[in-house]
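Below is the file coords-v2.txt, which contains compact mmCIF, C-alpha atoms.
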# COMPACT_ATOMS: atom_id res chain seq x y z
CA MET A 1 0.00 0.00 0.00
CA GLY A 2 2.85 2.35 0.81
CA THR A 3 4.54 1.62 -2.51
CA LEU A 4 1.31 2.12 -4.45
CA ALA A 5 0.66 5.43 -2.69
CA ALA A 6 4.21 6.66 -3.42
CA VAL A 7 4.04 5.66 -7.09
CA ALA A 8 0.57 7.18 -7.48
CA CYS A 9 1.66 10.50 -5.97
CA THR A 10 4.77 10.60 -8.16
CA MET A 11 2.90 9.82 -11.37
CA ILE A 12 0.04 12.25 -10.66
CA ALA A 13 2.54 15.05 -9.97
CA THR A 14 4.53 14.21 -13.11
CA ILE A 15 1.45 14.09 -15.38
CA SER A 16 0.07 17.32 -13.90
CA SER A 17 3.31 19.23 -14.45
CA CYS A 18 3.94 17.83 -17.95
CA ARG A 19 0.44 18.17 -19.37
CA LYS A 20 0.70 21.87 -20.20
CA SER A 21 4.15 21.52 -21.83
CA LEU A 22 3.19 18.48 -23.88
CA ALA A 23 0.18 20.33 -25.30
CA ALA A 24 2.25 23.37 -26.36
CA GLU A 25 3.82 23.99 -29.78
CA PRO A 26 7.55 23.05 -30.04
CA ALA A 27 8.43 26.56 -31.21
CA ALA A 28 6.79 28.06 -28.12
CA LEU A 29 8.68 25.65 -25.85
CA MET A 30 12.03 26.71 -27.36
CA ARG A 31 11.45 30.30 -26.30
CA PRO A 32 11.99 31.37 -22.69
CA GLU A 33 8.80 31.66 -20.69
CA ALA A 34 7.57 35.24 -20.43
CA PRO A 35 7.54 36.68 -16.91
CA ARG A 36 4.25 36.66 -15.09
CA VAL A 37 2.23 39.86 -15.45
CA GLY A 38 2.15 41.81 -12.22
CA LYS A 39 -1.25 42.37 -10.62
CA LYS A 40 -2.51 44.20 -7.62
CA ILE A 41 -2.44 41.96 -4.58
CA LEU A 42 -4.92 42.02 -1.70
CA LEU A 43 -2.50 43.87 0.56
CA GLU A 44 -2.32 46.77 -1.90
CA ARG A 45 -6.04 47.27 -1.47
CA ILE A 46 -5.46 48.00 2.22
CA PRO A 47 -3.64 51.37 2.08
CA PHE A 48 -3.22 51.53 5.85
CA LEU A 49 -0.91 48.49 5.76
CA TRP A 50 0.54 48.81 2.26
CA ASN A 51 1.80 52.38 2.72
CA ARG A 52 3.76 51.36 5.81
CA LEU A 53 5.88 48.84 3.87
CA ASN A 54 9.15 49.92 2.30
CA PHE A 55 10.03 49.18 -1.32
CA THR A 56 11.83 45.91 -0.65
CA TRP A 57 8.94 44.41 1.30
CA LYS A 58 6.44 45.59 -1.30
CA SER A 59 8.38 43.79 -4.04
CA THR A 60 8.68 40.71 -1.81
CA MET A 61 4.92 40.52 -1.24
CA ARG A 62 4.22 41.01 -4.96
CA ASN A 63 6.68 38.25 -5.93
CA LEU A 64 5.21 35.83 -3.42
CA LEU A 65 1.73 36.10 -4.90
CA ARG A 66 2.94 36.33 -8.50
CA TYR A 67 3.86 32.63 -8.38
CA LYS A 68 0.85 31.26 -6.52
CA LYS A 69 1.51 27.57 -7.21
CA ARG A 70 5.05 27.78 -5.86
CA PHE A 71 3.76 29.79 -2.90
CA LEU A 72 1.23 27.09 -2.01
CA MET A 73 3.71 24.26 -2.67
CA THR A 74 6.29 25.81 -0.38
CA VAL A 75 3.87 26.69 2.41
CA PHE A 76 2.16 23.29 2.47
CA GLY A 77 5.44 21.46 1.84
CA ILE A 78 7.03 23.10 4.87
CA GLY A 79 3.80 22.68 6.84
CA GLY A 80 3.61 18.96 6.07
CA CYS A 81 7.23 18.32 7.04
CA MET A 82 6.85 20.28 10.23
CA ALA A 83 3.62 18.41 11.04
CA LEU A 84 5.56 15.12 10.87
CA MET A 85 8.18 16.53 13.23
CA ILE A 86 5.44 17.66 15.63
CA VAL A 87 3.95 14.14 15.51
CA GLY A 88 7.35 12.70 16.43
CA TYR A 89 7.89 15.03 19.36
CA GLY A 90 4.20 14.77 20.31
CA LEU A 91 4.41 10.98 20.52
CA LYS A 92 7.37 11.36 22.82
CA ASP A 93 5.44 13.79 25.04
CA SER A 94 2.24 11.72 25.01
CA VAL A 95 3.43 8.11 25.18
CA LEU A 96 6.71 8.17 27.07
CA ASP A 97 5.28 10.27 29.92
CA ILE A 98 2.25 8.16 30.86
CA ALA A 99 4.25 6.23 33.50
CA ASN A 100 5.01 9.47 35.37
CA LEU A 101 1.43 10.67 34.98
CA GLN A 102 -0.18 7.41 36.13
CA PHE A 103 2.13 6.55 39.02
CA GLY A 104 3.22 10.03 40.02
CA LYS A 105 0.33 12.40 39.46
CA ILE A 106 -2.76 10.12 39.67
CA GLN A 107 -1.88 7.10 41.81
CA LYS A 108 0.21 8.83 44.46
CA TYR A 109 0.63 5.96 46.94
CA ASP A 110 4.00 4.20 47.09
CA LEU A 111 2.95 0.61 47.78
CA MET A 112 -0.17 -1.52 48.02
CA ALA A 113 -0.51 -4.57 50.27
CA VAL A 114 -3.03 -7.11 48.96
CA ILE A 115 -4.91 -8.88 51.77
CA ASP A 116 -6.36 -12.38 51.84
CA GLU A 117 -10.18 -12.44 51.70
CA ASP A 118 -10.23 -14.93 54.61
CA ILE A 119 -8.21 -12.71 56.93
CA SER A 120 -9.51 -12.57 60.51
CA GLU A 121 -10.54 -9.36 62.24
CA ASP A 122 -7.61 -9.65 64.66
CA GLU A 123 -5.11 -10.03 61.82
CA MET A 124 -6.63 -7.05 60.02
CA GLN A 125 -6.38 -5.01 63.23
CA VAL A 126 -2.68 -5.90 63.52
CA LEU A 127 -2.04 -4.74 59.94
CA THR A 128 -3.96 -1.50 60.45
CA GLN A 129 -2.06 -0.66 63.66
CA MET A 130 1.30 -1.46 62.05
CA ALA A 131 0.51 0.85 59.12
CA GLN A 132 -0.47 3.64 61.54
CA ASN A 133 2.47 3.25 63.92
CA ASP A 134 5.37 2.46 61.54
CA LYS A 135 7.89 5.33 61.73
CA ASP A 136 8.67 5.12 58.00
CA ILE A 137 5.03 5.41 56.88
CA GLU A 138 3.61 8.85 56.16
CA ASN A 139 -0.01 7.80 55.70
CA SER A 140 -2.09 4.69 55.08
CA MET A 141 -5.64 3.79 54.11
CA LYS A 142 -7.67 0.62 53.61
CA GLY A 143 -9.51 0.02 50.38
CA TYR A 144 -11.61 -2.50 48.52
CA MET A 145 -10.64 -3.33 44.93
CA ARG A 146 -11.76 -6.06 42.56
CA LEU A 147 -12.06 -6.68 38.84
CA THR A 148 -15.72 -6.59 37.95
CA GLU A 149 -18.08 -5.99 35.02
CA MET A 150 -19.88 -2.82 33.98
CA LYS A 151 -22.78 -2.59 31.52
CA PHE A 152 -23.97 0.42 29.55
CA SER A 153 -26.15 0.58 26.42
CA ASP A 154 -25.86 -3.16 25.69
CA MET A 155 -22.06 -3.00 25.99
CA ASN A 156 -19.99 -4.76 28.66
CA LYS A 157 -16.50 -3.89 29.91
CA ASP A 158 -14.23 -5.31 32.58
CA ILE A 159 -13.36 -2.60 35.06
CA TYR A 160 -11.59 -2.26 38.41
CA LEU A 161 -13.93 -1.25 41.23
CA TYR A 162 -12.28 0.76 43.99
CA VAL A 163 -13.96 1.75 47.27
CA PRO A 164 -11.88 3.69 49.85
CA SER A 165 -12.49 3.11 53.54
CA THR A 166 -12.73 6.87 54.15
CA LEU A 167 -12.89 10.07 52.11
CA LYS A 168 -10.54 11.90 54.48
CA ASP A 169 -7.06 12.45 52.98
CA LEU A 170 -8.00 10.34 49.93
CA ASP A 171 -6.23 12.92 47.72
CA GLN A 172 -2.93 11.82 49.27
CA PHE A 173 -3.38 8.45 47.57
CA ILE A 174 -5.43 9.13 44.44
CA LEU A 175 -5.84 12.43 42.61
CA PHE A 176 -9.05 13.06 40.69
CA SER A 177 -8.61 15.58 37.89
CA ASP A 178 -9.87 16.61 34.47
CA ARG A 179 -7.19 16.08 31.81
CA LYS A 180 -8.35 18.88 29.51
CA SER A 181 -9.02 21.65 32.03
CA GLY A 182 -6.55 20.55 34.71
CA ASP A 183 -9.20 21.00 37.45
CA THR A 184 -8.99 18.69 40.48
CA TRP A 185 -11.69 17.71 42.95
CA LEU A 186 -12.28 15.59 46.05
CA MET A 187 -14.49 12.51 46.24
CA GLU A 188 -17.78 13.25 47.99
CA GLU A 189 -20.33 11.01 49.70
CA ASP A 190 -22.43 10.60 46.53
CA SER A 191 -19.47 10.25 44.12
CA VAL A 192 -19.27 7.62 41.39
CA ILE A 193 -16.21 8.43 39.26
CA ILE A 194 -15.15 6.56 36.12
CA SER A 195 -11.88 6.83 34.19
CA GLU A 196 -11.75 8.80 30.93
CA LYS A 197 -10.85 5.96 28.54
CA ILE A 198 -13.85 3.78 29.34
CA SER A 199 -16.17 6.79 29.31
CA ARG A 200 -14.93 7.56 25.79
CA ASP A 201 -15.12 3.94 24.60
CA LEU A 202 -18.71 3.49 25.81
CA ASP A 203 -19.75 7.12 25.26
CA ILE A 204 -20.62 7.59 28.93
CA LYS A 205 -21.20 11.15 30.12
CA THR A 206 -21.69 12.71 33.53
CA GLY A 207 -25.23 11.97 34.71
CA ASP A 208 -25.54 8.66 32.82
CA THR A 209 -26.55 5.52 34.71
CA VAL A 210 -24.34 2.42 34.51
CA SER A 211 -24.98 -1.09 35.77
CA LEU A 212 -22.14 -2.40 37.94
CA GLU A 213 -21.55 -5.85 39.40
CA LEU A 214 -20.67 -4.99 43.02
CA GLU A 215 -20.68 -8.65 44.02
CA GLU A 216 -20.90 -11.83 41.96
CA ASN A 217 -24.14 -11.78 39.91
CA HIS A 218 -25.36 -8.74 41.86
CA PHE A 219 -25.71 -5.73 39.54
CA VAL A 220 -26.79 -2.31 40.76
CA ASP A 221 -27.46 0.92 38.87
CA LEU A 222 -25.16 3.84 39.70
CA THR A 223 -25.20 7.41 38.38
CA VAL A 224 -21.84 8.69 37.13
CA THR A 225 -20.96 11.97 38.85
CA ASP A 226 -17.49 12.65 37.39
CA ILE A 227 -15.00 11.48 34.76
CA CYS A 228 -11.34 11.48 35.80
CA GLU A 229 -7.98 11.41 34.09
CA ASN A 230 -6.43 7.93 33.92
CA TYR A 231 -4.05 6.20 31.52
CA LEU A 232 -3.74 2.51 32.48
CA ALA A 233 -6.69 0.12 32.94
CA HIS A 234 -10.34 1.08 33.53
CA TYR A 235 -11.45 2.25 36.97
CA ILE A 236 -14.69 3.13 38.70
CA TYR A 237 -14.32 4.82 42.07
CA VAL A 238 -17.33 4.48 44.38
CA SER A 239 -17.60 6.27 47.71
CA PRO A 240 -18.13 4.03 50.78
CA GLN A 241 -21.50 5.73 51.41
CA VAL A 242 -22.78 4.86 47.91
CA TYR A 243 -21.52 1.28 48.23
CA LYS A 244 -23.19 0.83 51.62
CA GLN A 245 -26.45 2.27 50.30
CA ALA A 246 -26.38 -0.11 47.32
CA MET A 247 -25.31 -3.25 49.22
CA GLY A 248 -26.59 -2.55 52.73
CA ASP A 249 -23.16 -3.13 54.26
CA GLU A 250 -19.56 -1.97 54.02
CA PRO A 251 -17.21 -3.85 51.67
CA GLN A 252 -14.70 -6.35 52.99
CA TYR A 253 -11.53 -4.30 52.55
CA ASN A 254 -8.82 -6.30 50.80
CA SER A 255 -5.93 -3.86 50.39
CA ILE A 256 -3.91 -1.26 52.26
CA TYR A 257 -2.45 1.74 50.45
CA VAL A 258 0.67 3.32 51.88
CA THR A 259 2.70 6.48 51.30
CA VAL A 260 6.14 6.49 52.90
CA LYS A 261 8.36 9.33 54.03
CA GLU A 262 10.64 10.86 51.41
CA GLU A 263 13.85 9.80 53.15
CA VAL A 264 12.97 6.07 53.03
CA MET A 265 11.91 5.94 49.35
CA GLU A 266 15.20 4.25 48.44
CA ASP A 267 14.47 1.51 50.99
CA LEU A 268 10.82 1.04 49.99
CA THR A 269 11.12 -2.76 49.75
CA ALA A 270 12.05 -2.91 53.43
CA VAL A 271 8.75 -1.28 54.36
CA GLY A 272 6.91 -3.68 52.06
CA GLY A 273 8.79 -6.60 53.56
CA ARG A 274 7.35 -5.83 56.99
CA PHE A 275 3.85 -6.21 55.52
CA VAL A 276 4.69 -9.49 53.78
CA GLU A 277 5.85 -10.96 57.10
CA LYS A 278 2.37 -10.48 58.60
CA ASP A 279 -0.34 -13.13 58.37
CA GLY A 280 -3.07 -12.42 55.88
CA VAL A 281 -0.94 -10.44 53.39
CA LEU A 282 -0.73 -12.10 49.98
CA THR A 283 1.61 -9.75 48.17
CA VAL A 284 2.93 -6.20 48.00
CA SER A 285 3.25 -4.13 44.82
CA TYR A 286 5.29 -0.95 44.42
CA THR A 287 4.29 1.92 42.14
CA ASN A 288 7.89 2.87 41.33
CA THR A 289 8.55 -0.70 40.11
CA MET A 290 5.40 -0.62 37.96
CA ALA A 291 6.46 2.75 36.55
CA GLN A 292 9.93 1.43 35.69
CA ASP A 293 8.46 -1.67 34.01
CA LEU A 294 6.11 0.49 31.96
CA GLU A 295 8.89 2.89 30.95
CA SER A 296 11.06 -0.06 29.90
CA MET A 297 8.22 -1.50 27.82
CA ILE A 298 7.46 1.71 25.92
CA SER A 299 11.09 2.86 25.62
CA VAL A 300 11.33 0.80 22.42
CA LEU A 301 9.32 3.61 20.82
CA ASP A 302 12.29 5.94 21.31
CA SER A 303 14.05 4.69 18.19
CA VAL A 304 10.84 4.92 16.13
CA ILE A 305 10.28 8.49 17.25
CA VAL A 306 13.90 9.46 16.46
CA VAL A 307 13.58 7.99 12.96
CA LEU A 308 10.33 9.89 12.40
CA ILE A 309 11.87 13.19 13.52
CA VAL A 310 15.05 12.73 11.46
CA ALA A 311 13.09 11.67 8.35
CA ALA A 312 10.77 14.67 8.68
CA GLY A 313 13.77 16.99 9.03
CA MET A 314 15.48 15.55 5.97
CA LEU A 315 12.23 15.84 4.00
CA ALA A 316 11.88 19.49 5.03
CA PHE A 317 15.44 20.19 3.84
CA VAL A 318 14.85 18.45 0.49
CA VAL A 319 11.54 20.26 -0.08
CA LEU A 320 13.08 23.65 0.66
CA TYR A 321 16.16 22.96 -1.47
CA ASN A 322 14.20 21.79 -4.51
CA LEU A 323 11.65 24.61 -4.39
CA ASN A 324 14.40 27.22 -3.97
CA ASN A 325 16.37 25.68 -6.83
CA ILE A 326 13.31 25.83 -9.10
CA ASN A 327 12.61 29.38 -7.97
CA ILE A 328 16.11 30.59 -8.91
CA ASN A 329 16.15 28.74 -12.25
CA GLU A 330 12.78 30.16 -13.29
CA ARG A 331 13.81 33.70 -12.35
CA GLN A 332 17.37 33.61 -13.66
CA ARG A 333 16.83 36.42 -16.20
CA GLU A 334 15.12 38.54 -13.56
CA LEU A 335 17.96 38.07 -11.08
CA ALA A 336 20.58 38.70 -13.79
CA THR A 337 18.81 41.97 -14.59
CA LEU A 338 19.13 43.02 -10.95
CA LYS A 339 22.86 42.33 -11.11
CA VAL A 340 23.17 44.41 -14.29
CA LEU A 341 21.37 47.26 -12.53
CA GLY A 342 24.09 47.25 -9.87
CA PHE A 343 22.75 45.02 -7.11
CA TYR A 344 25.47 43.29 -5.11
CA ASN A 345 25.37 39.52 -4.60
CA SER A 346 24.27 39.98 -1.01
CA GLU A 347 21.43 42.28 -2.10
CA VAL A 348 20.22 39.83 -4.75
CA ALA A 349 20.36 37.04 -2.17
CA ALA A 350 18.40 39.13 0.33
CA TYR A 351 15.83 39.83 -2.42
CA VAL A 352 15.21 36.07 -2.82
CA PHE A 353 15.78 34.91 0.76
CA ARG A 354 13.33 37.44 2.17
CA GLU A 355 10.62 35.53 0.34
CA ASN A 356 11.88 32.25 1.81
CA VAL A 357 11.67 33.65 5.33
CA VAL A 358 8.04 34.71 4.83
CA LEU A 359 7.16 31.32 3.33
CA THR A 360 8.91 29.48 6.18
CA ILE A 361 6.97 31.45 8.80
CA ALA A 362 3.68 30.85 6.96
CA GLY A 363 4.51 27.15 6.54
CA SER A 364 5.35 26.86 10.25
CA GLY A 365 1.91 28.22 11.14
CA ILE A 366 0.27 25.64 8.87
CA GLY A 367 2.53 22.93 10.32
CA VAL A 368 1.51 23.68 13.92
CA ALA A 369 -2.20 23.35 13.12
CA LEU A 370 -1.76 20.30 10.90
CA GLY A 371 0.64 18.61 13.34
CA LYS A 372 -1.75 19.04 16.26
CA PHE A 373 -4.59 17.46 14.28
CA LEU A 374 -2.42 14.61 12.92
CA HIS A 375 -0.98 13.87 16.36
CA GLY A 376 -4.45 13.61 17.90
CA PHE A 377 -5.60 11.26 15.13
CA ILE A 378 -2.56 8.98 15.47
CA ILE A 379 -2.81 8.82 19.27
CA LYS A 380 -6.45 7.70 19.14
CA THR A 381 -5.64 5.18 16.39
CA VAL A 382 -2.78 3.41 18.20
CA GLU A 383 -4.42 3.22 21.64
CA VAL A 384 -5.12 -0.29 22.91
CA ASP A 385 -8.21 -1.24 24.88
CA GLU A 386 -7.03 -0.52 28.42
CA THR A 387 -4.46 2.18 27.77
CA MET A 388 -4.99 5.85 27.07
CA PHE A 389 -2.17 8.00 25.74
CA GLY A 390 -2.02 11.69 26.44
CA THR A 391 -2.71 14.18 23.67
CA ASN A 392 -0.54 16.94 25.09
CA ILE A 393 2.35 18.45 23.14
CA THR A 394 4.65 20.62 25.21
CA MET A 395 5.56 24.15 24.17
CA LYS A 396 9.19 23.00 24.06
CA SER A 397 8.32 20.51 21.30
CA TYR A 398 6.56 23.18 19.23
CA LEU A 399 9.51 25.55 19.61
CA LEU A 400 12.00 22.81 18.66
CA CYS A 401 10.04 21.99 15.49
CA ILE A 402 9.79 25.65 14.51
CA GLY A 403 13.49 26.11 15.29
CA PHE A 404 14.52 23.13 13.15
CA THR A 405 12.35 24.34 10.27
CA ILE A 406 13.93 27.80 10.40
CA LEU A 407 17.40 26.21 10.66
CA PHE A 408 16.78 24.11 7.53
CA SER A 409 15.56 27.23 5.73
CA LEU A 410 18.74 29.11 6.68
CA LEU A 411 20.91 26.17 5.56
CA VAL A 412 19.15 26.08 2.19
CA ASN A 413 19.61 29.82 1.86
CA GLY A 414 23.31 29.32 2.50
CA PHE A 415 23.58 26.72 -0.27
CA MET A 416 21.54 28.85 -2.66
CA TYR A 417 23.75 31.91 -2.07
CA PHE A 418 26.59 30.26 -4.00
CA LYS A 419 24.19 29.41 -6.84
CA LEU A 420 23.10 33.06 -7.01
CA LYS A 421 26.73 34.19 -7.16
CA LYS A 422 27.33 31.96 -10.19
CA ILE A 423 24.55 33.50 -12.30
CA ASP A 424 26.21 34.72 -15.51
CA MET A 425 24.62 38.05 -16.47
CA VAL A 426 25.61 37.85 -20.14
CA GLU A 427 24.52 34.26 -20.69
CA SER A 428 21.24 34.75 -18.80
CA LEU A 429 20.26 37.87 -20.76
CA LYS A 430 21.29 36.66 -24.22
CA SER A 431 18.43 36.33 -26.69
CA VAL A 432 17.64 32.78 -27.77
CA GLU A 433 16.32 33.91 -31.21
Rewrite the coordinates I just gave you, this time as structure tokens.
Amino acid sequence: MGTLAAVACTMIATISSCRKSLAAEPAALMRPEAPRVGKKILLERIPFLWNRLNFTWKSTMRNLLRYKKRFLMTVFGIGGCMALMIVGYGLKDSVLDIANLQFGKIQKYDLMAVIDEDISEDEMQVLTQMAQNDKDIENSMKGYMRLTEMKFSDMNKDIYLYVPSTLKDLDQFILFSDRKSGDTWLMEEDSVIISEKISRDLDIKTGDTVSLELEENHFVDLTVTDICENYLAHYIYVSPQVYKQAMGDEPQYNSIYVTVKEEVMEDLTAVGGRFVEKDGVLTVSYTNTMAQDLESMISVLDSVIVVLIVAAGMLAFVVLYNLNNININERQRELATLKVLGFYNSEVAAYVFRENVVLTIAGSGIGVALGKFLHGFIIKTVEVDETMFGTNITMKSYLLCIGFTILFSLLVNGFMYFKLKKIDMVESLKSVE
């Protein structure tokens, strides 16, 4: 498919550019093409702006719009190349950062101890007291979590149900926020919060009613109050008050979430080891280990992203070089005339390069808009079922792409300067009759 697309684009471009020449008379083709007739441009019809431009900028604006095809080719050529660079940097911002977002911003606890369902009350009391009295633990909280099923509009999804034991200080363990606006909020007594990915997959909005299996074969209807930012797996967070109202009793808490003091982060496994030694604890998981595993898994994308960025940069350079080369060849008699009139090489170069600068700036603007759209489309296309990638592109990435595009334009201008110097005034202005 890629080969067919490349061949099709090449052949269509070739046929389009050759059609006019092939239809012309041979005698007409042997004569140099007459310069384009100058016309009033839109800017000239706005005296307030036009009168404030000096002569050089007036001629630049006229030349840009005198060759409209080349103007559009350059602007959209630069814009397309820059859009590919933005996609490359955007993928890096969106994909490679989800580990930090998930296990640093959203799930803020440091470890989770999973408890046996058959644990006795005395054993649970021992675990709770240890978590409260351990000198290395900053805060702890019990919770109930299980993989369950959610139904909405004849669609079913597996989802993790999470019920905290208390709403107090819950934001120290889990942060609820809106990805687009950045707003954060606290869980309230009537809260039923679902993660963004599943809300998008099932088209669930705030105020919709979902059917959730709170216990085996026991479905209850719950009204969604909020949709929160989340990147890995599907979650539904239910307040203990809503759960008790639906089931008539509190859940049997099967996990303990712990945040440790900053100075013992390097010895986190020692804190987890003290939990494992207690009866009733099945296992302990660490968020920093999960984050490292995730980063290692998605780090293979680094090389793909680098290739995409380098290829886009090379394409931008080639596009600029070819269009500038065509521009100079088509206007050789015009530029030779300027030399005859006494323009220095640097002045002739400035006359041409000023147009390139304007086209590069215009192309960069197109590239930013096109790159943002293309990045969003690609991100939604490559997402898997239980993973959501971010759609954010940092300002640094935009500035880098614009900077590279301007750098390539300056490099091309440098190469073209030597071509301008070599224009032979006599040969260029000789009549071909």
What gap, in Å, lies between atom CA of A:Phe404 and atom CA of A:Tyr351? 22.9 Å
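Using all atoms listed in the file for every distance, the candidate list A:Ala5, A:Val210, A:Leu147, A:Leu400 yields A:Leu400 as the residue closest to A:Gly313.
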Quick one: residues within 12 Å of A:Asp183, only C-alpha atoms counted, chain neighbours fewer than 5 positions away excluded, as a count of residues only? 8
Using only C-alpha atoms, which protein or nucleic acid residues come within 12 Å of A:Glu266? Drop anything in the same chain fewer than 4 positions from it, and give the result as a PyMOL selection string. chain A and resi 110+136+260-262+270-271+286+288-289
Using only C-alpha atoms, can you tell me which of A:Val87, A:Ile194, A:Val426, A:Lys142 comes closest to A:Val310? A:Val87
Who sits within 9 Å of A:Ile366, all atoms listed in the file, same chain under 5 positions skipped, as a compact mmCIF listing (two decimals) with C-alpha atoms, in the frame of the given file:
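Final file, part_1.txt:
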# COMPACT_ATOMS: atom_id res chain seq x y z
CA VAL A 75 3.87 26.69 2.41
CA PHE A 76 2.16 23.29 2.47
CA ILE A 78 7.03 23.10 4.87
CA GLY A 79 3.80 22.68 6.84
CA GLY A 80 3.61 18.96 6.07
CA MET A 82 6.85 20.28 10.23
CA ALA A 83 3.62 18.41 11.04
CA ILE A 361 6.97 31.45 8.80
CA GLY A 371 0.64 18.61 13.34
Tell me which protein, DNA and RNA residues are within 12 Å of A:Thr225, counting all atoms listed in the file, leaving out same-chain ones fewer than 5 positions away, and put them as a list in words. Trp185, Leu186, Met187, Glu188, Glu189, Asp190, Ser191, Val192, Ile193, Ile194, Ser195, Ser199, Ile204, Lys205, Thr206, Gly207, Asp208, Thr209, Val210, Ile236, Tyr237, Val238, Ser239 and Val242 of chain A
Just C-alpha atoms for this one: save the residues we selected as a PDB file, in the coordinates of the input.
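Here's the written file out_37.pdb:
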ATOM      1  CA  TRP A 185     -11.690  17.710  42.950  1.00  0.00           C
ATOM      2  CA  LEU A 186     -12.280  15.590  46.050  1.00  0.00           C
ATOM      3  CA  MET A 187     -14.490  12.510  46.240  1.00  0.00           C
ATOM      4  CA  GLU A 188     -17.780  13.250  47.990  1.00  0.00           C
ATOM      5  CA  GLU A 189     -20.330  11.010  49.700  1.00  0.00           C
ATOM      6  CA  ASP A 190     -22.430  10.600  46.530  1.00  0.00           C
ATOM      7  CA  SER A 191     -19.470  10.250  44.120  1.00  0.00           C
ATOM      8  CA  VAL A 192     -19.270   7.620  41.390  1.00  0.00           C
ATOM      9  CA  ILE A 193     -16.210   8.430  39.260  1.00  0.00           C
ATOM     10  CA  ILE A 194     -15.150   6.560  36.120  1.00  0.00           C
ATOM     11  CA  SER A 195     -11.880   6.830  34.190  1.00  0.00           C
ATOM     12  CA  SER A 199     -16.170   6.790  29.310  1.00  0.00           C
ATOM     13  CA  ILE A 204     -20.620   7.590  28.930  1.00  0.00           C
ATOM     14  CA  LYS A 205     -21.200  11.150  30.120  1.00  0.00           C
ATOM     15  CA  THR A 206     -21.690  12.710  33.530  1.00  0.00           C
ATOM     16  CA  GLY A 207     -25.230  11.970  34.710  1.00  0.00           C
ATOM     17  CA  ASP A 208     -25.540   8.660  32.820  1.00  0.00           C
ATOM     18  CA  THR A 209     -26.550   5.520  34.710  1.00  0.00           C
ATOM     19  CA  VAL A 210     -24.340   2.420  34.510  1.00  0.00           C
ATOM     20  CA  ILE A 236     -14.690   3.130  38.700  1.00  0.00           C
ATOM     21  CA  TYR A 237     -14.320   4.820  42.070  1.00  0.00           C
ATOM     22  CA  VAL A 238     -17.330   4.480  44.380  1.00  0.00           C
ATOM     23  CA  SER A 239     -17.600   6.270  47.710  1.00  0.00           C
ATOM     24  CA  VAL A 242     -22.780   4.860  47.910  1.00  0.00           C
TER      25      VAL A 242
END
Kindly give the distance, in Å, that separates atom CA of A:His375 and atom CA of A:Asn392, rounded to a single decimal. 9.3 Å
Show which residues sit within 12 Å of stretch 62-69 of chain A, as number ranges by chain. Count only C-alpha atoms, and ignore same-chain residues fewer than 6 positions away. A: 17, 35-44, 50, 53, 55-56, 75-77, 323, 326-327, 330-331, 334, 351-359, 362
Around (9.1, 14.8, 13.1) in the file's frame, which residues reach within 6 Å when counting all atoms listed in the file? Return as a tab-separated table (two decimals) with C-alpha atoms, in the frame of the given file?
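In the end it all went to selection-v5.tsv:
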chain	number	residue	atom	x	y	z
A	84	LEU	CA	5.56	15.12	10.87
A	85	MET	CA	8.18	16.53	13.23
A	86	ILE	CA	5.44	17.66	15.63
A	87	VAL	CA	3.95	14.14	15.51
A	88	GLY	CA	7.35	12.70	16.43
A	308	LEU	CA	10.33	9.89	12.40
A	309	ILE	CA	11.87	13.19	13.52
A	312	ALA	CA	10.77	14.67	8.68
Under the rule that only C-alpha atoms are counted, which of A:Thr166, A:Asn54, A:Thr269, A:Ser16 is the nearest residue to A:Glu250? A:Thr166
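With all atoms listed in the file as the atoms that count, the minimum distance from A:Gln129 to the choices A:Phe275, A:Tyr417, A:Phe389, A:Tyr109 is reached by A:Phe275.
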From the set A:Gly342, A:Pro32, A:Gly90, A:Pro26, which residue has the shortest atom-to-atom contact distance to A:Asn329, counting all atoms listed in the file? A:Pro32
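Here atom CA of A:Asp279 and atom CA of A:Ile119 stand 8.0 Å from one another.
The residue that comes closest to A:Leu232, out of A:Ala99, A:Ala27, A:Met124, A:Ala336 and on the basis of only C-alpha atoms, is A:Ala99.
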